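**Student:** Dropping in run-v4.cif, with mmCIF, C-alpha atoms.
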```cif
data_final
loop_
_atom_site.label_atom_id
_atom_site.label_comp_id
_atom_site.auth_asym_id
_atom_site.auth_seq_id
_atom_site.Cartn_x
_atom_site.Cartn_y
_atom_site.Cartn_z
CA MET A 1 82.80 89.99 108.57
CA LYS A 2 86.07 89.65 106.69
CA LYS A 3 87.01 86.68 104.57
CA SER A 4 90.57 85.35 104.42
CA LEU A 5 92.08 85.32 100.93
CA GLY A 6 95.49 83.88 101.86
CA PRO A 7 98.83 85.64 101.32
CA GLY A 8 99.19 87.81 98.24
CA THR A 9 100.41 91.09 96.84
CA ILE A 10 97.35 93.28 96.66
CA LEU A 11 97.27 96.89 97.78
CA TYR A 12 95.08 99.69 96.44
CA PRO A 13 95.97 102.00 94.79
CA ALA A 14 99.20 100.77 93.16
CA PRO A 15 101.10 103.15 90.88
CA VAL A 16 102.22 102.75 87.27
CA LEU A 17 105.92 103.64 87.33
CA VAL A 18 107.86 103.72 84.08
CA VAL A 19 111.51 103.17 84.98
CA GLY A 20 114.04 104.51 82.47
CA THR A 21 117.64 103.31 82.08
CA TYR A 22 120.36 102.96 79.46
CA ASP A 23 121.40 99.36 78.89
CA GLY A 24 124.91 97.97 78.36
CA GLN A 25 124.81 99.08 74.71
CA GLY A 26 123.62 102.57 75.62
CA LYS A 27 120.14 101.88 74.27
CA PRO A 28 117.36 103.75 76.13
CA ASN A 29 114.99 101.33 77.76
CA VAL A 30 111.87 101.60 79.91
CA MET A 31 109.91 99.13 81.97
CA THR A 32 106.69 99.47 83.88
CA ALA A 33 106.66 98.58 87.58
CA ALA A 34 103.81 98.69 90.08
CA TRP A 35 105.79 97.71 93.16
CA GLY A 36 107.15 100.99 94.44
CA GLY A 37 106.53 104.41 95.90
CA ILE A 38 108.10 107.20 97.91
CA CYS A 39 110.05 105.74 100.86
CA CYS A 40 111.71 108.74 102.57
CA SER A 41 111.10 112.49 102.77
CA ASP A 42 114.67 113.54 103.62
CA PRO A 43 116.67 112.70 101.60
CA PRO A 44 113.76 112.49 99.13
CA CYS A 45 113.76 108.87 97.97
CA VAL A 46 111.71 106.54 95.81
CA ALA A 47 111.73 102.74 95.95
CA VAL A 48 111.13 100.52 92.93
CA SER A 49 111.22 96.73 93.06
CA LEU A 50 112.37 94.74 90.03
CA ARG A 51 112.91 91.07 89.28
CA LYS A 52 116.46 90.02 88.48
CA ALA A 53 115.22 88.63 85.17
CA THR A 54 114.39 92.10 83.82
CA HIS A 55 116.67 93.91 81.40
CA THR A 56 116.40 97.00 83.62
CA TYR A 57 117.89 95.19 86.62
CA GLY A 58 121.38 95.00 85.12
CA ALA A 59 121.22 98.58 83.91
CA MET A 60 120.30 99.81 87.40
CA VAL A 61 123.21 97.95 88.98
CA GLU A 62 125.65 99.12 86.32
CA ARG A 63 124.68 102.76 85.80
CA LYS A 64 123.53 103.42 89.38
CA CYS A 65 120.80 105.80 88.32
CA PHE A 66 117.35 105.78 86.78
CA THR A 67 114.32 107.90 86.06
CA VAL A 68 110.65 107.32 86.84
CA SER A 69 108.20 108.73 84.31
CA ILE A 70 104.51 108.93 85.28
CA PRO A 71 102.24 108.22 82.30
CA SER A 72 98.92 110.01 81.76
CA GLU A 73 95.85 107.85 81.24
CA ARG A 74 95.91 108.56 77.49
CA TYR A 75 99.15 106.54 77.37
CA VAL A 76 97.79 103.52 79.24
CA GLY A 77 98.43 101.24 76.23
CA GLU A 78 102.04 102.35 75.89
CA ALA A 79 102.61 101.97 79.65
CA ASP A 80 101.17 98.45 79.55
CA CYS A 81 103.35 97.61 76.55
CA PHE A 82 106.42 98.72 78.52
CA GLY A 83 105.50 96.12 81.13
CA ILE A 84 104.89 93.14 78.85
CA THR A 85 107.86 93.50 76.48
CA THR A 86 111.56 93.19 77.26
CA GLY A 87 114.27 95.65 76.32
CA ARG A 88 116.50 92.66 75.67
CA LYS A 89 114.61 91.96 72.44
CA THR A 90 112.67 95.12 71.78
CA ASP A 91 113.33 98.82 71.29
CA LYS A 92 110.26 99.90 73.25
CA PHE A 93 110.54 103.54 72.17
CA ALA A 94 110.58 102.57 68.49
CA LEU A 95 107.72 100.12 69.07
CA THR A 96 105.41 102.69 70.66
CA GLY A 97 106.62 105.82 68.88
CA LEU A 98 107.40 107.58 72.16
CA THR A 99 110.51 109.72 72.61
CA PRO A 100 113.48 109.05 74.90
CA VAL A 101 115.06 112.17 76.38
CA ARG A 102 118.49 112.05 78.02
CA SER A 103 118.31 113.39 81.57
CA GLY A 104 120.62 116.34 82.14
CA LEU A 105 121.22 115.19 85.71
CA VAL A 106 121.62 111.42 85.66
CA ASP A 107 122.79 108.86 83.11
CA ALA A 108 119.28 107.67 82.23
CA PRO A 109 116.49 108.53 79.79
CA TYR A 110 112.91 109.55 80.49
CA VAL A 111 109.76 109.60 78.38
CA GLU A 112 109.15 112.99 76.78
CA GLU A 113 105.40 112.45 76.33
CA PHE A 114 104.75 111.58 79.99
CA PRO A 115 104.00 114.73 82.01
CA PHE A 116 105.93 114.08 85.23
CA VAL A 117 109.42 112.69 85.84
CA LEU A 118 111.68 111.84 88.79
CA GLU A 119 115.45 111.78 88.18
CA CYS A 120 117.20 109.48 90.63
CA ARG A 121 120.63 108.45 91.79
CA LEU A 122 120.77 104.89 93.16
CA LEU A 123 121.42 104.96 96.91
CA GLN A 124 121.14 101.27 97.70
CA PHE A 125 119.45 98.06 96.74
CA LEU A 126 118.00 95.35 98.88
CA GLU A 127 117.45 91.74 97.87
CA ILE A 128 114.09 90.77 99.34
CA GLY A 129 113.18 87.62 97.42
CA LEU A 130 111.89 87.40 93.85
CA HIS A 131 112.20 91.18 93.77
CA THR A 132 115.13 93.46 94.52
CA GLN A 133 114.23 96.86 95.85
CA PHE A 134 116.17 99.79 94.40
CA ILE A 135 116.15 102.99 96.44
CA GLY A 136 116.95 106.14 94.54
CA GLU A 137 117.50 109.66 95.81
CA ILE A 138 115.26 112.03 93.87
CA LEU A 139 117.62 114.70 92.55
CA ASP A 140 114.97 116.55 90.59
CA LEU A 141 111.30 116.48 89.68
CA LYS A 142 110.36 117.64 86.20
CA ALA A 143 106.89 118.46 84.93
CA ASP A 144 105.36 119.58 81.66
CA GLU A 145 104.40 123.24 81.79
CA SER A 146 100.89 122.20 80.76
CA VAL A 147 100.34 120.49 84.15
CA LEU A 148 101.83 123.32 86.23
CA PRO A 149 99.86 126.18 87.74
CA GLU A 150 101.41 129.66 87.74
CA LYS A 151 102.95 128.84 91.09
CA GLY A 152 103.32 125.66 93.12
CA TRP A 153 103.12 121.93 92.55
CA PRO A 154 101.72 120.07 89.54
CA ASP A 155 97.98 119.63 89.18
CA ILE A 156 97.23 115.90 89.43
CA GLU A 157 93.95 116.48 87.58
CA LYS A 158 96.00 117.61 84.59
CA ILE A 159 98.60 114.86 84.95
CA ARG A 160 95.83 112.24 85.12
CA PRO A 161 98.04 109.39 86.43
CA ILE A 162 96.98 105.76 86.06
CA VAL A 163 95.88 103.69 89.05
CA PHE A 164 96.72 100.00 88.92
CA ALA A 165 94.53 97.45 90.67
CA PRO A 166 96.55 94.30 91.40
CA GLY A 167 94.68 91.02 91.72
CA ASN A 168 92.22 91.39 88.87
CA GLY A 169 94.76 93.50 86.98
CA PHE A 170 92.93 96.57 85.69
CA TYR A 171 93.95 100.16 85.11
CA PHE A 172 91.77 103.04 86.29
CA GLY A 173 91.80 106.80 85.95
CA LEU A 174 91.67 109.42 88.68
CA GLY A 175 88.26 110.08 90.24
CA LYS A 176 86.69 113.04 91.95
CA LYS A 177 88.39 115.22 94.55
CA LEU A 178 87.42 114.08 98.05
CA GLY A 179 89.07 116.74 100.18
CA LYS A 180 92.19 118.44 101.49
CA ALA A 181 94.79 116.30 103.26
CA PHE A 182 95.89 117.20 106.79
CA SER A 183 92.67 119.15 107.06
CA ILE A 184 89.40 117.23 106.56
CA GLY A 185 90.22 114.97 109.51
CA ARG A 186 90.23 117.94 111.87
CA ARG A 187 86.49 117.73 112.39
CA PHE A 188 87.11 114.87 114.80
CA GLY A 189 89.23 117.15 117.04
CA LYS A 190 92.28 115.77 118.81
CA MET B 1 109.29 121.17 77.46
CA LYS B 2 109.70 120.10 81.06
CA LYS B 3 110.31 122.48 83.91
CA SER B 4 112.60 121.59 86.83
CA LEU B 5 110.90 121.71 90.23
CA GLY B 6 113.91 120.71 92.35
CA PRO B 7 114.12 117.61 94.55
CA GLY B 8 110.93 116.50 96.30
CA THR B 9 108.70 113.60 97.24
CA ILE B 10 105.96 113.60 94.67
CA LEU B 11 104.70 110.50 92.92
CA TYR B 12 101.21 109.85 91.57
CA PRO B 13 99.21 107.96 92.71
CA ALA B 14 100.25 107.57 96.36
CA PRO B 15 98.23 105.24 98.58
CA VAL B 16 96.47 105.88 101.89
CA LEU B 17 97.74 103.11 104.17
CA VAL B 18 96.35 102.82 107.69
CA VAL B 19 98.96 101.01 109.74
CA GLY B 20 97.66 99.20 112.84
CA THR B 21 99.74 98.27 115.91
CA TYR B 22 99.37 97.74 119.65
CA ASP B 23 101.45 100.16 121.67
CA GLY B 24 103.49 99.48 124.83
CA GLN B 25 100.30 99.58 126.93
CA GLY B 26 98.46 97.25 124.58
CA LYS B 27 96.27 100.06 123.25
CA PRO B 28 95.24 99.62 119.61
CA ASN B 29 96.61 102.43 117.50
CA VAL B 30 96.50 103.38 113.83
CA MET B 31 98.38 105.87 111.72
CA THR B 32 98.03 106.89 108.11
CA ALA B 33 101.06 106.63 105.84
CA ALA B 34 101.41 107.47 102.16
CA TRP B 35 105.00 106.37 101.71
CA GLY B 36 104.70 102.67 100.95
CA GLY B 37 103.54 99.92 98.62
CA ILE B 38 104.13 96.32 97.63
CA CYS B 39 107.88 95.62 97.39
CA CYS B 40 108.17 91.89 96.60
CA SER B 41 105.95 89.20 95.07
CA ASP B 42 107.62 86.18 96.67
CA PRO B 43 107.61 86.27 99.64
CA PRO B 44 104.67 88.68 99.35
CA CYS B 45 105.86 91.86 101.08
CA VAL B 46 104.71 95.38 101.70
CA ALA B 47 106.91 98.35 102.65
CA VAL B 48 105.75 101.23 104.83
CA SER B 49 108.00 104.15 105.79
CA LEU B 50 107.54 105.88 109.14
CA ARG B 51 109.30 108.67 110.97
CA LYS B 52 110.97 107.76 114.24
CA ALA B 53 108.87 110.42 115.98
CA THR B 54 105.65 108.48 115.41
CA HIS B 55 104.01 106.44 118.14
CA THR B 56 103.71 103.56 115.67
CA TYR B 57 107.48 103.38 115.14
CA GLY B 58 108.17 101.99 118.62
CA ALA B 59 105.27 99.55 118.39
CA MET B 60 106.58 98.19 115.08
CA VAL B 61 110.05 97.63 116.51
CA GLU B 62 108.70 96.05 119.68
CA ARG B 63 105.87 93.84 118.41
CA LYS B 64 107.45 93.02 115.04
CA CYS B 65 104.14 92.93 113.24
CA PHE B 66 101.48 95.25 111.89
CA THR B 67 98.40 95.43 109.73
CA VAL B 68 97.57 97.71 106.81
CA SER B 69 93.90 98.61 106.45
CA ILE B 70 92.75 100.24 103.21
CA PRO B 71 90.01 102.83 103.81
CA SER B 72 87.13 103.40 101.42
CA GLU B 73 86.54 106.94 100.20
CA ARG B 74 83.59 107.35 102.58
CA TYR B 75 86.11 107.17 105.42
CA VAL B 76 88.45 109.83 104.03
CA GLY B 77 87.90 112.06 107.09
CA GLU B 78 88.75 109.26 109.52
CA ALA B 79 91.82 108.28 107.49
CA ASP B 80 93.03 111.88 107.47
CA CYS B 81 92.42 112.13 111.23
CA PHE B 82 94.61 109.04 111.73
CA GLY B 83 97.42 110.92 110.02
CA ILE B 84 97.21 114.22 111.91
CA THR B 85 96.74 112.91 115.47
CA THR B 86 99.17 110.92 117.59
CA GLY B 87 98.42 107.72 119.47
CA ARG B 88 100.65 109.02 122.22
CA LYS B 89 97.92 111.45 123.27
CA THR B 90 94.81 110.19 121.54
CA ASP B 91 92.75 107.03 121.34
CA LYS B 92 92.07 107.36 117.64
CA PHE B 93 89.45 104.60 117.60
CA ALA B 94 87.46 106.32 120.37
CA LEU B 95 87.88 109.69 118.62
CA THR B 96 86.50 108.51 115.29
CA GLY B 97 84.10 105.82 116.50
CA LEU B 98 85.75 103.15 114.37
CA THR B 99 86.33 99.61 115.65
CA PRO B 100 89.67 97.90 116.34
CA VAL B 101 89.70 94.16 115.63
CA ARG B 102 92.48 91.94 116.93
CA SER B 103 94.11 90.05 114.07
CA GLY B 104 93.96 86.30 114.51
CA LEU B 105 97.34 85.93 112.82
CA VAL B 106 99.57 88.70 114.12
CA ASP B 107 99.77 90.75 117.32
CA ALA B 108 98.19 93.86 115.80
CA PRO B 109 94.73 95.37 115.28
CA TYR B 110 92.98 96.35 112.06
CA VAL B 111 90.02 98.61 111.28
CA GLU B 112 86.76 96.70 111.05
CA GLU B 113 85.01 99.31 108.90
CA PHE B 114 87.73 99.40 106.23
CA PRO B 115 87.04 96.79 103.52
CA PHE B 116 90.53 95.40 102.86
CA VAL B 117 93.33 94.42 105.22
CA LEU B 118 96.89 93.06 105.03
CA GLU B 119 98.25 91.18 108.07
CA CYS B 120 102.03 91.39 108.24
CA ARG B 121 105.01 90.01 110.09
CA LEU B 122 107.98 92.39 110.20
CA LEU B 123 110.84 91.00 108.13
CA GLN B 124 113.30 93.86 108.38
CA PHE B 125 113.62 97.58 108.67
CA LEU B 126 115.90 99.94 106.90
CA GLU B 127 116.98 103.38 108.16
CA ILE B 128 116.98 105.63 105.11
CA GLY B 129 116.96 109.11 106.60
CA LEU B 130 114.03 110.95 108.16
CA HIS B 131 112.01 107.81 107.43
CA THR B 132 112.63 104.20 108.37
CA GLN B 133 111.24 101.66 105.96
CA PHE B 134 109.51 98.65 107.51
CA ILE B 135 109.16 95.60 105.30
CA GLY B 136 106.48 93.14 106.30
CA GLU B 137 105.67 89.73 104.92
CA ILE B 138 101.98 89.61 104.04
CA LEU B 139 100.68 86.53 105.86
CA ASP B 140 97.07 87.04 104.86
CA LEU B 141 94.78 89.36 102.94
CA LYS B 142 91.28 89.88 104.32
CA ALA B 143 88.34 91.48 102.57
CA ASP B 144 84.75 92.29 103.42
CA GLU B 145 82.39 89.90 101.72
CA SER B 146 80.61 92.93 100.26
CA VAL B 147 83.65 93.70 98.05
CA LEU B 148 84.21 90.11 96.93
CA PRO B 149 82.75 88.55 93.80
CA GLU B 150 81.56 84.94 93.97
CA LYS B 151 85.04 83.84 92.98
CA GLY B 152 88.35 85.64 92.71
CA TRP B 153 89.94 88.84 93.93
CA PRO B 154 88.24 91.86 95.48
CA ASP B 155 86.50 94.38 93.25
CA ILE B 156 88.40 97.67 93.54
CA GLU B 157 85.28 99.52 92.37
CA LYS B 158 83.53 98.27 95.50
CA ILE B 159 86.52 98.90 97.78
CA ARG B 160 86.79 102.47 96.44
CA PRO B 161 90.29 103.17 97.83
CA ILE B 162 91.54 106.70 98.30
CA VAL B 163 94.26 108.18 96.06
CA PHE B 164 96.60 110.67 97.70
CA ALA B 165 98.20 113.44 95.68
CA PRO B 166 101.40 114.62 97.40
CA GLY B 167 102.56 118.17 96.75
CA ASN B 168 99.25 119.99 96.87
CA GLY B 169 97.94 117.40 99.33
CA PHE B 170 94.51 116.32 98.14
CA TYR B 171 92.59 113.07 98.29
CA PHE B 172 90.81 111.68 95.25
CA GLY B 173 88.50 108.78 94.50
CA LEU B 174 88.87 106.08 91.89
CA GLY B 175 88.01 107.03 88.32
CA LYS B 176 86.84 105.12 85.29
CA LYS B 177 88.22 101.77 84.16
CA LEU B 178 90.84 102.28 81.43
CA GLY B 179 91.59 98.70 80.46
CA LYS B 180 93.01 95.30 81.30
CA ALA B 181 96.61 95.09 82.45
CA PHE B 182 99.09 92.85 80.61
CA SER B 183 96.69 93.02 77.69
CA ILE B 184 95.89 96.46 76.26
CA GLY B 185 99.56 97.03 75.43
CA ARG B 186 99.56 94.06 73.07
CA ARG B 187 98.29 96.18 70.20
CA PHE B 188 101.85 97.45 69.75
CA GLY B 189 103.12 93.90 69.14
CA LYS B 190 106.53 92.83 70.43
#
```
As C-alpha cells, how would this structure be written, given the file I've shared?

**Tutor:**
Amino acid sequence: MKKSLGPGTILYPAPVLVVGTYDGQGKPNVMTAAWGGICCSDPPCVAVSLRKATHTYGAMVERKCFTVSIPSERYVGEADCFGITTGRKTDKFALTGLTPVRSGLVDAPYVEEFPFVLECRLLQFLEIGLHTQFIGEILDLKADESVLPEKGWPDIEKIRPIVFAPGNGFYFGLGKKLGKAFSIGRRFGK
Amino acid sequence: MKKSLGPGTILYPAPVLVVGTYDGQGKPNVMTAAWGGICCSDPPCVAVSLRKATHTYGAMVERKCFTVSIPSERYVGEADCFGITTGRKTDKFALTGLTPVRSGLVDAPYVEEFPFVLECRLLQFLEIGLHTQFIGEILDLKADESVLPEKGWPDIEKIRPIVFAPGNGFYFGLGKKLGKAFSIGRRFGK
C-alpha cells in the first residue's frame, strides 16, 4: 500500500554535478547542481537546471558553454561547499584549495582534482519555472588516467561518484555491483 | 593529467527510471530509461528522454501523462528486462510477474512492487535529436509505508535505488552515507 506524499522533487539517485563557468570578470566559478542528467544520445547532450538567482546562470547565458565535473566521494565536502556558497561573493577555488583548469575546447574551467569531466557547448535553454534548463552538447569527455582501464570506458568504482538523496538531503557513496545492464534482464525471455 | 575520450553520454550516477504508460489499446506498459532527472523545483518537474522508436513515446504523446517508478535493487533483473523488451510485442508485467496499478491521479500505471513512484502530467516535450525529452509536472509522490519513517521523507537506505553506470553498462547498489547535504561543506566557511 502506497502513501501519498504530495507533489515534490524527489528522485533516487540524483547526481552531484559541479558546473564550471567563467563569470563576467573572467573568474573561474563552480556550482553544484543535482537537477540534471544526460538527455540525448545523438547529439550527446547533458541537461542541467539552474535558478536565475545563481551566479552561474548569467555566465551560462553569456559564454554559451560550461563544463560538468564529477566529484569523487573524498571531495564530498568541497562539492557541498560549491552548492552553498555563491561565486558572486566567494572565490570557491581559493576557499577549498581546488584547482581550476581552463578547458582546451570550450570557454569554461573544470576542476582538476575531480576525476571525470564533460566539456559542453550550450545548445539551448528552456525556462520551466523556478529553474531554467540548460542543454549542452558534450564535445568531449575527459578522465583521469587513474580511473581508466587499459582500454575502454572509465571504471565507476575508481571514480567513486557521489549519490545525492533529495528529501532528507544526504550524500551516499557507490555500493556493490548488482549486474550487467542489457543482460541480467534476459532471464525473463522476451 | 586528464585523457580525452571523445564525445559521449557518460555521467555518474545515472538513475534507473521505470516509465509507466497505457498504450493505444489501454495495455499497461513500462520502459526503463536512464536519461532523466528532476529539472525544476517549482513547479516540481521531472524530465525523461525517450527515442521515438519506443512504444512508450506514442503513449506519452497521446495520453499526456506518465508515472516514474523507482525500482529497488532486488528488482534489478526486472528493471533491466523493462529496458531490453518492447511493449509493442511483449506484456512486460505478465513476463516479469510484477503488478500494474492504475494511478488515481493520472491516466497511467505504476509498478506496485517498486517502493517509490512519481505521478506526472506532461507539460511539454522537446525534440533534441535521437531523443525527445518529456517534461512532466510531478502531481504526487507515493511511497511504500515500509520505506517511510514516522514523519518526513522516504529513507533512501530502505528504498535501495539502483545506480546505473553508462559506458561499461553496470548496475550498482547504494553505498555508505557520506554526510548531510547543505551542511558538510560549511567547514570551508564562506

**Student:** Using the chain letters and residue numbers of this document, give as a PyMOL selection string the residues selected by the PyMOL selection byres ((chain B and resi 87) around 12).

**Tutor:** (chain A and resi 190) or (chain B and resi 19-32+53-59+81-86+88-95)

**Student:** What's the separation between atom CA of Phe172 of chain B and atom CA of Val18 of chain B, in Å to one decimal place?

**Tutor:**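 Those two atoms sit 16.2 Å apart.
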
**Student:** Write down, as a PyMOL selection string, each residue of chain A that has any atom within 6 Å of an atom of chain B, counting only C-alpha atoms.

**Tutor:** chain A and resi 1-9+13+15+35-40+42+44+49+77-78+80-81+129-131+138-144+153+167+169-181+184-185

**Student:** Enclose all atoms of segment 14-30 of chain A listed in the file in an axis-aligned box, grow every side by 4 Å, and hand back centre and edge lengths in Å to one decimal, as lines of an AutoDock Vina configuration file.

**Tutor:**
```
center_x = 112.1
center_y = 101.2
center_z = 83.7
size_x = 33.7
size_y = 14.5
size_z = 26.9
```

**Student:** Choose the residue, out of A:Leu122, A:Thr67, A:Ala33, A:Lys158, that has the smallest atom-to-atom separation from Ala108 of chain A; count only C-alpha atoms.

**Tutor:** A:Thr67

**Student:** I'd like the interatomic distance between atom CA of Arg121 of chain B and atom CA of Gly136 of chain A, to a tenth of an Å.

**Tutor:**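 Straight-line distance from atom CA of Arg121 of chain B to atom CA of Gly136 of chain A works out to 25.4 Å.
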
**Student:** Report the distance between atom CA of Pro109 of chain B and atom CA of Val61 of chain B in Å, rounded to one decimal place.

**Tutor:**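 Atom CA of Val61 of chain B lies at a distance of 15.5 Å from atom CA of Pro109 of chain B.
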
**Student:** Can you put N, CA, C and O atoms back into segment 109-122 of chain A and show it as a PDB file, in the frame of the given file?

**Tutor:**
```
ATOM      1  N   PRO A 109     117.464 107.822  80.622  1.00  0.00           N
ATOM      2  CA  PRO A 109     116.490 108.530  79.790  1.00  0.00           C
ATOM      3  C   PRO A 109     115.108 108.569  80.448  1.00  0.00           C
ATOM      4  O   PRO A 109     114.786 107.719  81.262  1.00  0.00           O
ATOM      5  N   TYR A 110     114.316 109.566  80.068  1.00  0.00           N
ATOM      6  CA  TYR A 110     112.910 109.550  80.490  1.00  0.00           C
ATOM      7  C   TYR A 110     112.012 109.665  79.265  1.00  0.00           C
ATOM      8  O   TYR A 110     112.505 109.793  78.136  1.00  0.00           O
ATOM      9  N   VAL A 111     110.711 109.598  79.496  1.00  0.00           N
ATOM     10  CA  VAL A 111     109.760 109.600  78.380  1.00  0.00           C
ATOM     11  C   VAL A 111     109.213 111.021  78.191  1.00  0.00           C
ATOM     12  O   VAL A 111     108.506 111.546  79.057  1.00  0.00           O
ATOM     13  N   GLU A 112     109.537 111.614  77.067  1.00  0.00           N
ATOM     14  CA  GLU A 112     109.150 112.990  76.780  1.00  0.00           C
ATOM     15  C   GLU A 112     107.630 113.210  76.898  1.00  0.00           C
ATOM     16  O   GLU A 112     107.183 114.221  77.438  1.00  0.00           O
ATOM     17  N   GLU A 113     106.853 112.265  76.396  1.00  0.00           N
ATOM     18  CA  GLU A 113     105.400 112.450  76.330  1.00  0.00           C
ATOM     19  C   GLU A 113     104.704 112.301  77.680  1.00  0.00           C
ATOM     20  O   GLU A 113     103.522 112.653  77.801  1.00  0.00           O
ATOM     21  N   PHE A 114     105.380 111.742  78.679  1.00  0.00           N
ATOM     22  CA  PHE A 114     104.750 111.580  79.990  1.00  0.00           C
ATOM     23  C   PHE A 114     104.981 112.866  80.792  1.00  0.00           C
ATOM     24  O   PHE A 114     106.092 113.408  80.789  1.00  0.00           O
ATOM     25  N   PRO A 115     103.952 113.347  81.508  1.00  0.00           N
ATOM     26  CA  PRO A 115     104.000 114.730  82.010  1.00  0.00           C
ATOM     27  C   PRO A 115     104.841 114.962  83.266  1.00  0.00           C
ATOM     28  O   PRO A 115     105.087 116.117  83.620  1.00  0.00           O
ATOM     29  N   PHE A 116     105.255 113.887  83.942  1.00  0.00           N
ATOM     30  CA  PHE A 116     105.930 114.080  85.230  1.00  0.00           C
ATOM     31  C   PHE A 116     107.052 113.061  85.376  1.00  0.00           C
ATOM     32  O   PHE A 116     106.866 111.874  85.083  1.00  0.00           O
ATOM     33  N   VAL A 117     108.216 113.527  85.834  1.00  0.00           N
ATOM     34  CA  VAL A 117     109.420 112.690  85.840  1.00  0.00           C
ATOM     35  C   VAL A 117     110.213 112.883  87.132  1.00  0.00           C
ATOM     36  O   VAL A 117     110.340 114.002  87.627  1.00  0.00           O
ATOM     37  N   LEU A 118     110.739 111.798  87.660  1.00  0.00           N
ATOM     38  CA  LEU A 118     111.680 111.840  88.790  1.00  0.00           C
ATOM     39  C   LEU A 118     113.051 111.401  88.269  1.00  0.00           C
ATOM     40  O   LEU A 118     113.153 110.359  87.594  1.00  0.00           O
ATOM     41  N   GLU A 119     114.083 112.156  88.578  1.00  0.00           N
ATOM     42  CA  GLU A 119     115.450 111.780  88.180  1.00  0.00           C
ATOM     43  C   GLU A 119     116.198 111.331  89.425  1.00  0.00           C
ATOM     44  O   GLU A 119     116.307 112.097  90.396  1.00  0.00           O
ATOM     45  N   CYS A 120     116.728 110.115  89.393  1.00  0.00           N
ATOM     46  CA  CYS A 120     117.200 109.480  90.630  1.00  0.00           C
ATOM     47  C   CYS A 120     118.615 108.912  90.508  1.00  0.00           C
ATOM     48  O   CYS A 120     118.997 108.359  89.489  1.00  0.00           O
ATOM     49  N   ARG A 121     119.300 109.016  91.624  1.00  0.00           N
ATOM     50  CA  ARG A 121     120.630 108.450  91.790  1.00  0.00           C
ATOM     51  C   ARG A 121     120.460 107.267  92.744  1.00  0.00           C
ATOM     52  O   ARG A 121     119.876 107.403  93.815  1.00  0.00           O
ATOM     53  N   LEU A 122     120.952 106.087  92.344  1.00  0.00           N
ATOM     54  CA  LEU A 122     120.770 104.890  93.160  1.00  0.00           C
ATOM     55  C   LEU A 122     121.520 105.027  94.487  1.00  0.00           C
ATOM     56  O   LEU A 122     122.722 105.265  94.513  1.00  0.00           O
TER      57      LEU A 122
END
```
